[in-house]
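Have a look at the structure below before the remarks.
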Protein chains: 4
Amino acid sequence: MQTTDPARVLADLHQRLLDRRHADPARSYVARLYQQGEDKILQKVGEEAIETILAAKSGQADALVYETADLWFHCLVMLTLHDITPEQILSELARRFEQG
Amino acid sequence: MQTTDPARVLADLHQRLLDRRHADPARSYVARLYQQGEDKILQKVGEEAIETILAAKSGQADALVYETADLWFHCLVMLTLHDITPEQILSELARRFEQG
Amino acid sequence: MQTTDPARVLADLHQRLLDRRHADPARSYVARLYQQGEDKILQKVGEEAIETILAAKSGQADALVYETADLWFHCLVMLTLHDITPEQILSELARRFEQG
Amino acid sequence: MQTTDPARVLADLHQRLLDRRHADPARSYVARLYQQGEDKILQKVGEEAIETILAAKSGQADALVYETADLWFHCLVMLTLHDITPEQILSELARRFEQG
């Protein structure tokens with residue numbers, strides 16, 4: 001990634017996922033996920049949600065940061081498969097919160 | 001929220017959650033969640049993950065955007081309870097991707 | 001149910017679900033679930049799994065019994081929708097364990 | 001297992017889990033799960049619930065039987081850790097359904 005600017009992380013990650021989507025599955029975890037197909041990706045989203053919940057119950061902040069990042073990462077892999085950008089999620093979050 | 005700048009949405013949401021944490025539960029969904037306690041919040045994280053997976057399987061992009069936003073929103077509620085900022089999640093995502 | 005014999009509970013429940021599947025949704029929770037469709041039923045399976053996990057972490061045995069029963073109940077609703085009997089699940093459990 | 005009688009499968013499995021709980025983790029999957037601790041077991045319950053949901057969406061009956069059996073198996077591992085018998089779950093299912 002060219003930047004560690006937090007504001008750019010999600011957009012950069014989305015671009016990286018697009019680049020790696022058709023890379024060599026033997027060399028790239030992301031390419032391997034896409035090759036295994038949507039059900040494998042959704043399984044990872046579900047697993048990381050469970051691990052996030054268990055990390056929260058453990059009360060260990062570093063584990064919770066790690067597992068939430070894992071959950072959001074696999075959400076981005078899922079969204080990219082559906083041609084949805086992280087900006088669309090952020091816009092939905094902003095829209096809803098303005099109302100509330 | 002003062003801005004719809006995507007780059008600021010997560011930080012603004014975190015601030016808003018801090019503000020509402022001790023608001024009147026009768027008037028604020030967020031205050032109600034905090035009053036019900038961590039298990040209720042984690043239950044919502046789990047439920048929204050399941051709904052996200054089912055939305056992906058439905059193939060409806062708008063439902064997937066909506067449910068993923070719901071999932072991330074409840075993750076932010078959980079993180080705020082643990083005094084973790086969205087920037088910490090974004091930094092972890094950036095850190096990991098630089099290595100990979 | 002005519003019997004509380006544990007050995008018959010799952011088979012009786014399956015029969016009851018078949019009977020209620022086309023009952024009046026206004027009067028029967030089961031009929032309502034079937035009317036709402038498979039995604040609603042799968043959502044309940046996922047939600048009850050999360051509640052089971054949180055009950056286990058709470059260390060309260062009565063809550064864990066209650067939530068596991070809820071999880072299995074909604075699994076039976078799901079299986080009945082797919083014309084699968086509880087005996088098929090028990091046979092699979094027996095088959096696998098004989099090997100192991 | 002001495003029997004494939006469906007009515008006995010859950011009770012036999014519970015006994016088998018009690019026997020293996022303190023077996024050599026190098027030789028027994030069950031002993032390995034117990035050695036890894038409750039969070040690992042709950043993680044498996046969550047993962048198998050997700051796989052069950054995805055199997056239902058796939059419409060493949062054999063996969064759904066297999067994944068539901070996996071889910072119930074890991075529920076039994078969890079229950080045994082909490083000194084809860086499968087009969088307690090079946091009694092709760094019978095009790096609730098008599099009322100409904």
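Residues in the structure tokens are named by chain (A, B, ... in the order shown) and by number from 1 within that chain; ligands are numbered from 1 in the order shown.
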
At a cut-off of 9 Å, can you tabulate as CSV every residue of chain C near chain D together with its closest atom pair and the distance in Å to one decimal, using only C-alpha atoms and ordering rows by chain then number?
residue,atom,partner,partner_atom,distance
C:Met1,CA,D:Glu98,CA,5.8
C:Gln2,CA,D:Glu98,CA,8.7
C:Thr3,CA,D:Ala94,CA,8.2
C:Thr4,CA,D:Ala94,CA,5.9
C:Asp5,CA,D:Ser91,CA,8.4
C:Pro6,CA,D:Leu90,CA,5.7
C:Ala7,CA,D:Ala7,CA,4.6
C:Arg8,CA,D:Ala7,CA,7.1
C:Val9,CA,D:Ala94,CA,6.1
C:Leu10,CA,D:Leu90,CA,7.6
C:Asp12,CA,D:Ala94,CA,8.9
C:Leu13,CA,D:Phe97,CA,7.9
C:Ser28,CA,D:Gly100,CA,8.5
C:Tyr29,CA,D:Gly100,CA,8.9
C:Glu38,CA,D:Lys57,CA,8.5
C:Asp39,CA,D:Lys57,CA,8.5
C:Leu42,CA,D:Ile53,CA,5.9
C:Gln43,CA,D:Ile53,CA,8.3
C:Val45,CA,D:Ala49,CA,7.3
C:Gly46,CA,D:Ala49,CA,6.3
C:Ala49,CA,D:Gly46,CA,6.3
C:Ile50,CA,D:Gly46,CA,7.0
C:Thr52,CA,D:Leu42,CA,8.8
C:Ile53,CA,D:Leu42,CA,5.9
C:Ala56,CA,D:Met78,CA,8.0
C:Lys57,CA,D:Glu38,CA,8.5
C:Gly59,CA,D:His82,CA,8.2
C:Ala61,CA,D:His82,CA,7.1
C:Leu64,CA,D:Leu79,CA,8.1
C:Val65,CA,D:Ile89,CA,5.8
C:Tyr66,CA,D:Glu92,CA,6.9
C:Thr68,CA,D:Ile89,CA,6.9
C:Ala69,CA,D:Ile89,CA,5.4
C:Asp70,CA,D:Leu93,CA,7.9
C:Trp72,CA,D:Trp72,CA,7.8
C:Phe73,CA,D:Leu93,CA,7.3
C:Cys75,CA,D:Thr68,CA,7.6
C:Met78,CA,D:Ala56,CA,8.0
C:Leu79,CA,D:Leu64,CA,8.1
C:His82,CA,D:Ala61,CA,7.1
C:Asp83,CA,D:Ala61,CA,8.6
C:Ile84,CA,D:Ala61,CA,7.6
C:Glu87,CA,D:Pro6,CA,6.3
C:Gln88,CA,D:Val65,CA,6.9
C:Ile89,CA,D:Ala69,CA,5.4
C:Leu90,CA,D:Pro6,CA,5.7
C:Ser91,CA,D:Pro6,CA,6.5
C:Glu92,CA,D:Ala69,CA,6.4
C:Leu93,CA,D:Ala69,CA,5.8
C:Ala94,CA,D:Thr4,CA,5.9
C:Arg95,CA,D:Thr4,CA,7.8
C:Phe97,CA,D:Met1,CA,6.9
C:Glu98,CA,D:Met1,CA,5.7
C:Gly100,CA,D:Ser28,CA,8.6

After a least-squares superposition on chain D using every in-order C-alpha pair, I'd like chain B written out as a short mmCIF file (atom, residue, chain, number, x, y, z; two decimals) with C-alpha atoms, in the first residue's frame.
data_model
loop_
_atom_site.label_atom_id
_atom_site.label_comp_id
_atom_site.auth_asym_id
_atom_site.auth_seq_id
_atom_site.Cartn_x
_atom_site.Cartn_y
_atom_site.Cartn_z
CA MET B 1 -20.81 -47.10 19.58
CA GLN B 2 -22.59 -50.30 20.56
CA THR B 3 -25.78 -49.39 18.75
CA THR B 4 -27.07 -47.51 15.75
CA ASP B 5 -30.53 -47.23 17.31
CA PRO B 6 -31.39 -43.58 16.54
CA ALA B 7 -33.02 -43.24 19.92
CA ARG B 8 -29.73 -44.03 21.66
CA VAL B 9 -27.34 -42.08 19.45
CA LEU B 10 -27.26 -38.85 21.46
CA ALA B 11 -26.89 -40.61 24.82
CA ASP B 12 -24.17 -42.89 23.43
CA LEU B 13 -22.33 -39.91 21.95
CA HIS B 14 -22.45 -38.08 25.28
CA GLN B 15 -20.95 -41.16 27.01
CA ARG B 16 -18.26 -41.42 24.35
CA LEU B 17 -17.37 -37.73 24.82
CA LEU B 18 -17.05 -38.26 28.57
CA ASP B 19 -14.74 -41.25 27.92
CA ARG B 20 -12.54 -39.37 25.46
CA ARG B 21 -12.40 -36.08 27.33
CA HIS B 22 -9.12 -36.99 28.98
CA ALA B 23 -7.74 -39.21 26.21
CA ASP B 24 -4.46 -38.50 24.40
CA PRO B 25 -4.93 -35.30 22.33
CA ALA B 26 -2.52 -36.67 19.73
CA ARG B 27 -4.92 -39.54 19.01
CA SER B 28 -8.39 -38.10 19.60
CA TYR B 29 -10.04 -35.11 17.90
CA VAL B 30 -12.38 -34.77 20.88
CA ALA B 31 -9.52 -34.77 23.43
CA ARG B 32 -7.77 -32.16 21.29
CA LEU B 33 -10.86 -29.93 21.31
CA TYR B 34 -11.16 -30.18 25.11
CA GLN B 35 -7.46 -29.44 25.48
CA GLN B 36 -7.77 -26.31 23.32
CA GLY B 37 -10.50 -25.07 25.64
CA GLU B 38 -14.01 -23.67 25.57
CA ASP B 39 -13.41 -20.80 23.13
CA LYS B 40 -12.13 -23.24 20.49
CA ILE B 41 -15.23 -25.42 20.99
CA LEU B 42 -17.59 -22.41 20.74
CA GLN B 43 -15.74 -21.25 17.63
CA LYS B 44 -16.50 -24.66 16.08
CA VAL B 45 -20.20 -24.38 17.06
CA GLY B 46 -20.33 -20.99 15.31
CA GLU B 47 -18.44 -22.19 12.21
CA GLU B 48 -20.65 -25.24 11.79
CA ALA B 49 -23.77 -23.07 12.10
CA ILE B 50 -22.50 -20.89 9.22
CA GLU B 51 -21.67 -23.99 7.14
CA THR B 52 -25.15 -25.39 7.87
CA ILE B 53 -26.75 -22.15 6.62
CA LEU B 54 -24.61 -22.17 3.45
CA ALA B 55 -25.42 -25.87 2.85
CA ALA B 56 -29.15 -25.09 3.13
CA LYS B 57 -28.76 -22.29 0.57
CA SER B 58 -26.89 -24.68 -1.77
CA GLY B 59 -29.98 -26.90 -1.88
CA GLN B 60 -27.87 -30.06 -1.56
CA ALA B 61 -29.63 -32.36 0.91
CA ASP B 62 -26.59 -34.55 1.62
CA ALA B 63 -24.44 -31.52 2.49
CA LEU B 64 -27.20 -30.22 4.77
CA VAL B 65 -27.42 -33.55 6.62
CA TYR B 66 -23.63 -33.61 7.00
CA GLU B 67 -23.28 -30.03 8.26
CA THR B 68 -26.23 -30.25 10.66
CA ALA B 69 -24.70 -33.43 12.14
CA ASP B 70 -21.41 -31.52 12.53
CA LEU B 71 -23.25 -28.66 14.28
CA TRP B 72 -25.07 -30.97 16.69
CA PHE B 73 -21.85 -32.92 17.35
CA HIS B 74 -19.99 -29.79 18.42
CA CYS B 75 -23.04 -28.73 20.50
CA LEU B 76 -22.71 -32.06 22.36
CA VAL B 77 -18.99 -31.41 22.92
CA MET B 78 -19.93 -27.99 24.37
CA LEU B 79 -22.75 -29.41 26.53
CA THR B 80 -20.52 -32.19 27.90
CA LEU B 81 -17.97 -29.54 28.94
CA HIS B 82 -20.78 -27.95 30.97
CA ASP B 83 -21.97 -31.29 32.42
CA ILE B 84 -25.24 -31.03 30.51
CA THR B 85 -26.74 -34.21 28.99
CA PRO B 86 -28.55 -34.44 25.63
CA GLU B 87 -31.61 -35.62 27.60
CA GLN B 88 -31.81 -32.17 29.19
CA ILE B 89 -32.05 -30.58 25.73
CA LEU B 90 -34.69 -33.11 24.61
CA SER B 91 -36.72 -32.52 27.79
CA GLU B 92 -36.62 -28.76 27.21
CA LEU B 93 -37.79 -29.31 23.60
CA ALA B 94 -40.63 -31.57 24.81
CA ARG B 95 -41.64 -29.18 27.60
CA ARG B 96 -41.85 -26.19 25.32
CA PHE B 97 -43.76 -27.97 22.61
CA GLU B 98 -46.39 -29.27 25.01
CA GLN B 99 -47.19 -25.70 25.93
CA GLY B 100 -47.21 -24.43 22.34
#
